[in-house]
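What follows is a short report on a single structure.
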Amino acid sequence: MSFGSPSPRSPLVLALMFSSPLLADDLFLDNDPLPQVLTATRLKQSPAAVPGSMTVIDSELINASGARDISELLRLVPGMMVGNISGNQAAVNYHGTNASEARRMQVLIDGRSVYRAGLATVDWSDIPVAMEDIERIEVFRGPNTVSYGANALMAVVNIITRKPADSHGTRLKITRGQRGINDFYASQGMGWDSGDLRLSLSGQQDDGFDSDRTGADYRDNRRLNRFSLAVSQTLNENQSIDWQLNAKDGTNQRPYTYSPVFSGITAAGNNSDVIAKDYAGSLRWNLDINPDHSLYIQGSAQHWDRQQTWRACDAEISFSPELTQLWQLNPNYTERLARNIARFTGAPPGTAAEQALANQVLAQWRNGANKTLCGDIDQSARESRYDLELQDTLSLSDTLRLVSGMNYRYDRADSETYFNGTLDDTTWRAFGQLEWRATEHWLLQGGAMFEDTQLTGSSLTPRLAVNYLINPRHGLRAVYSEAVRSPDMFENSVNWSYQVTNLQPSAYGQTSARYFVRTRGPGDLEQERMRSRELGYNGYFTDWGLTVDVKLFYDEINGMISEPLRNNQYIASNSNSSRFSGTETQLDWRVSSTDRLRLTYAYVDAEASNPLDAQQTARNSGSAGWLRNWGQGWNSALFYYGADALNGYRFERVDTRLAKRIGLGKANLELAGILQQRLDNQPTTFVDNNYDERRVLYFSAELEF
Amino acid sequence: MPYCLPRKTPTLGRLLAGLCLVFAGLLCNLPARAADILLTGADDSPGVQSFVQALSELRPTDSVRFQPVASLPAPGQLPASTRLILLDLQSLDWRLQDAQGPATLVLRISRLQAHQRFGDVSPPHLSLLWSDPPLDRQLRLTRLVLPEARRVGVLFDSHSEFLLKELHQAALPLGLEVVTERWDNTNDSRPLQALLKNSDVLLGLDDPDLYNPKTVKNLLLSSYARQLPLIGPNAAFVRAGSLASTYSDQSDWLKILDELLDRPSSTWPRTLYPQHFKVLSNPQVARSLSIEPMNEASVATQLAEGEHRP
């Protein structure tokens with residue numbers, strides 16, 4: 001069992017020759033038979049033996065950070081680029097790529113992917129999990145499709161909620177502060193002989209950013225409520241089930257961003273707000289066949305409902321059938337005509353057919369089709385996912401472990417605007433990974449994943465890692481891995497057009513008509529492919545309580561789909577590539593029993609064939625934290641976060657949290673104040689994301705009993 | 001093979017046995033008369049049989065026998081010269097019904113069980129040989145395998161509370177801080193969670209109300225999730241996933257008994273922790289927690305040396 005020297009029995013015992021091994025017949029060892037709990041299949045590798053780079057944000061850090069969003073916590077991960085599209089839309093990328101579309105990272109909650117297949121995004125703010133329910137976040141920094149499937153391209157964020165068994169009792173928390181911050185959390189956990197459950201309700205509200213580039217109020221408030229139920233039940237000694245139900249309902253404000261194509265239109269709507277509802281349910285059956293063999297089957301169902309109906313205004317000509325026909329013939333020609341329609345007296349040069357249609361359109365424009373119409377645009381999308389996974393862990397010997405499994409996934413997206421109806425996709429996946437502890441020092445881990453997607457075909461991605469353990473606490477690693485990202489339904493198969501309803505006045509006598517622009521995805525996109533190489537060191541210096549992780553990386557993505565998702569002339573292709581190289585460091589130092597220091601730093605050099613893909617890479621970024629327990633219930637935390645350029649804007653912030661814990665009999669009350677102070681004077685990621693004040697203050701009170 | 005041969009052997013055997021006896025007598029200063037060693041307990045299990053057999057092989061000059069407690073007369077009616085060894089709590093109950101009777105060694109009794117029966121004062125005619133590992137030894141094991149750990153978390157309930165004072169005293173010279181948490185209802189995990197938050201390592205007391213087949217899973221999984229090792233409470237828990245524990249098995253107890261039986265019963269201690277013991281560790285758990293694999297025998301030797309120091 002040990003990879004060290006076998007322990008010889010005491011010579012005295014040998015002399016007596018009563019050598020009685022730990023067996024049932026020993027009168028002094030016949031305790032109650034206990035099940036083996038921490039078996040070879042349940043135990044994880046030590047940090048030095050992990051085949052890659054890992055950052056764990058533990059519950060102490062989560063609490064001390066005072067963060068209200070999962071995305072904010074990820075600032076603690078070296079190399080993670082955390083930005084904002086708006087106050088209620090975070091944009092999180094590992095190492096970089098496009099600032100407005102973060103789509104190359106896998107995000108899981110208790111093993112269930114929340115990466116939306118239809119629109120290739122992670123809606124961080126809509127994830128139906130309260131911060132207070134999170135036990136820890138494990139971030140695998142680097143591709144890992146073997147363990148997590150396609151889309152685990154640049155990194156994997158694994159959010160692990162508190163086990164029901166670890167969340168007994170009642171917790172009530174409110175948070176109030178500037179910028180309209182108004183959150184609550186309430187949970188009740190209990191246990192019985194064969195199981196445990198936790199029920200939690202939570203809500204979140206804030207005003208988002210204060211002003212856009214013009215200084216006007218920025219419409220990006222959010223308000224949401226969540227429900228979560230998690231149950232664990234033991235069926236017998238070697239079987240258990242875990243199930244969860246999660247729901248989230250809320251509103252995300254969006255500013256009105258439609259700008260009329262045709263000249264002379266001044267009327268406008270005032271918002272394009274989204275009602276966002278998320279539902280998820282999962283059931284997992286765990287079976288321990290024996291201490292060396294276990295498996296689980298997990299089934300989950302998820303539904304994302306984004307209702308986005310808003311009022312927009314443009315000229316009646318937008319609904320001209322001839323203009324629509326012309327767009328289908330030549331979008332460039334049509335756009336040139338439409339944007340300058342008032343200046344043309346005759347059709348611009350083009351083919352005969354184009355000119356004929358253009359002249360008809362111009363005639364309509366002159367005959368009154370230049371009048372303003374307003375109508376409802378329905379940009380809603382509903383996506384569903386059903387997922388079934390079998391994973392088997394087999395410890396073949398003390399030095400050999402095999403993790404293998406299969407996964408079936410069905411995704412369906414339903415949107416009149418984006419897909420002109422419903423689109424679905426089926427994915428099959430098989431994976432296997434072998435860990436071989438060749439000697440006390442050498443550890444070899446390799447695996448592969450095969451995936452077949454109905455819409456994009458199949459792929460095989462290998463992964464190989466060698467760890468050299470200087471001793472159990474210090475290890476060097478070399479990792480080569482390949483990974484793929486399947487284009488999402490939107491990129492590949494979008495069929496984007498607006499059927500506008502409730503038109504006032506009517507367009508060509510109709511109250512419902514189709515807007516002339518229609519965009520289609522190419523339908524033949526291939527998977528993006530990544531090759532990643534990594535050298536790293538992980539060590540734990542016991543005497544100092546210091547953990548260090550350093551990594552050097554060189555990642556290339558080919559066949560990259562970089563075109564932004566826009567409804568005019570979206571021509572997606574696999575023609576781009578990018579390369580990221582650099583180094584990352586992470587230090588966690590428990591200086592004393594009362595002090596903890598944590599430092600992260602990343603230097604990332606990005607090169608991309610499409611400049612958009614180098615947008616969200618800060619060459620230098622990092623964080624520093626100091627947590628201290630002052631005694632008598634007082635705790636403080638001080639964090640610095642910095643990134644030299646995210647989408648061109650500097651980001652530097654210092655967060656301070658001061659908390660006092662007060663015992664009230666069996667209950668505990670914690671009062672905390674959090675002050676976030678921006679050190680820079682720049683917008684956050686995008687020009688419209690501005691705060692009036694560089695500092696925000698909020699308070700929380702939490703009662704636990 | 002025992003180092004002395006059984007009595008009923010052929011002539012050559014008898015000769016050898018005689019020689020052996022003379023030697024043993026000279027060397028060990030054995031009591032001149034053969035003693036009557038009576039072991040008793042509720043059932044005659046294979047474990048009991050093998051123990052009795054081993055003891056009789058170890059003490060060839062004595063008469064070693066087992067008799068179920070149900071078949072025995074009241075303790076006072078046994079000859080005063082009998083050396084009585086109790087193997088379970090049923091036999092202890094039988095022994096307690098009579099203040100008179102032979103000197104008695106009580107095996108397989110924990111501090112906790114004794115405290116529940118006798119409180120702080122144990123009956124004078126009994127020698128209680130503790131089955132649970134001594135707290136001081138477990139603490140020193142903790143310090144040896146986890147030198148960086150300072151805060152030792154301990155769960156207790158009303159039955160094991162009396163051990164805390166001793167535990168604090170034992171921890172003091174070792175530079176360890178004992179953090180305690182009362183856990184009266186094991187269906188409620190809050191005390192465990194609170195303790196895990198404030199400890200570097202957990203030390204299990206041998207309290208079956210807290211450490212049992214029902215709680216083992218949650219205890220081990222919750223502490224492992226926080227990367228905190230558990231030390232103790234016994235060998236069975238180490239196999240389940242605890243990092244390490246000291247323990248004494250049959251061979252250790254035989255050595256202890258052999259030494260005690262050599263002495264006049266008037267010199268028997270009132271209570272005794274086994275001075276012979278071993279260390280059991282779970283190498284897989286150690287590996288996963290980045291802890292050096294330990295050489296159990298040398299750790300046990302180191303611990304024993306520490307105990308022999310004044």
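Order determines the names: the first chain of the structure tokens is A, the second B, and so forth; residues in each chain are numbered 1 upward, and ligands are numbered 1 upward as they are shown.
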Write out as a tab-separated table the residues of chain B that have any atom within 6 Å of an atom of chain A, one row each with the nearest atom pair and its distance in Å to one decimal, counting only C-alpha atoms, sorted by chain and then rising number.
residue	atom	partner	partner_atom	distance
B:Gly47	CA	A:Asp25	CA	4.6
B:Asn187	CA	A:Gly191	CA	5.4
B:Ser189	CA	A:His168	CA	5.9
B:Arg190	CA	A:His168	CA	5.8
B:Pro213	CA	A:Leu34	CA	5.3
B:Lys217	CA	A:Val37	CA	5.8
B:Ala240	CA	A:Gln36	CA	4.0
B:Gly241	CA	A:Leu38	CA	4.7
B:Asp249	CA	A:Phe28	CA	5.4
B:Gln250	CA	A:Phe28	CA	5.8
B:Ser251	CA	A:Phe18	CA	5.9
B:Pro283	CA	A:Ser2	CA	5.2
B:Ser288	CA	A:Ser46	CA	4.6
B:Leu289	CA	A:Ser46	CA	5.7
B:Ser290	CA	A:Pro472	CA	5.0
B:Glu292	CA	A:Pro472	CA	6.0
B:Pro293	CA	A:Gly4	CA	6.0
B:Asn295	CA	A:Ser7	CA	5.2
B:Glu296	CA	A:Ser7	CA	5.8
B:Ala297	CA	A:Ser10	CA	5.9
Can you pull out every residue within 8 Å of range 696-701 of chain A, counting only C-alpha atoms, but drop anything in the same chain fewer than 2 positions away, and send it as a ChimeraX atom specification?
-> /A:173-179,181,669-677,693-694,703
Alpha helix (DSSP H) residues, from DSSP on the backbone, in range 32-131 of chain B, as JSON, numbers by chain | {"B": [46, 47, 48, 49, 50, 51, 52, 53, 54, 55, 56, 57, 58, 89, 90, 91, 92, 93, 94, 95, 96, 111, 112, 113, 114, 115, 116, 117, 118]}
Quick one: residues within 7 Å of range 213-230 of chain A, only C-alpha atoms counted, chain neighbours fewer than 2 positions away excluded, as a count of residues only?
-> 36
Non-local contacts of Leu164 in chain B (9 Å; only C-alpha atoms; under 4 positions in same chain excluded) as a PyMOL selection string | chain B and resi 154+156+160+168-169+178+180
Length of the CA of Tyr211 in chain B to CA of Leu228 in chain B vector [Å] |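 A separation of 16.5 Å between them.
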Nearby residues (only C-alpha atoms) at most 6 Å from Met105 in chain A, same-chain spacing under 3 positions excluded, as a PyMOL selection string = chain A and resi 152-156
Which is closer to Leu254 in chain B than all the others in B:Gln49, B:Thr301, B:Ser56, B:Ser81, using only C-alpha atoms?
->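 Answer, going by the shortest atom-to-atom distance: B:Ser56.
Taking only C-alpha atoms, the non-local environment of Cys374 in chain A within 6 Å (same-chain residues fewer than 4 positions away omitted) comprises Ala312, Cys313, Leu503 and Gln504 of chain A.
Among the candidate residues A:Asp69, A:Asp212, A:Glu482, A:Glu389, the one lying nearest to Gly111 in chain A is A:Glu389, with distances computed using only C-alpha atoms.
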Which residues, written as a list in words, have at least one atom at most 12 Å from Gln328 in chain A, with only C-alpha atoms counted and residues fewer than 4 positions away on the same chain left out?
->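 The contact residues come out as Pro321, Glu322, Leu323, Thr324, Asn332, Tyr333, Thr334, Glu335, Ala353, Glu354, Leu357, Ser497, Phe516, Val517, Arg518, Thr519, Arg520, Asn568 and Gln569 of chain A.
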Here CA of Ser481 in chain A and CA of Gly142 in chain A stand apart by 8.7 Å
Per-residue DSSP, range 99-172 of chain B, filtered to strand (DSSP E), as a PyMOL selection string = chain B and resi 104-109+126-130+151-156
Among the residues B:Lys255, B:Leu172, B:Arg137, B:Leu167, the one that comes closest to His308 in chain B [using only C-alpha atoms] =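 Result for the nearest residue to His308 in chain B: B:Arg137.
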For CA of Arg429 in chain A and CA of Val139 in chain A, determine how far apart the two atoms are, in Å to one decimal place.
-> 22.2 Å
Looking at only C-alpha atoms, which of A:Tyr418, A:Leu396, A:Arg382, A:Ile70 is the one that sits closest to Ile159 in chain A?
->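 Looking only at the distances to Ile159 in chain A, the closest residue turns out to be A:Ile70.
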Using only C-alpha atoms: which of B:Thr215, B:Asp132, B:Pro173, B:Asp207 has the shortest distance to Glu161 in chain B = B:Asp207
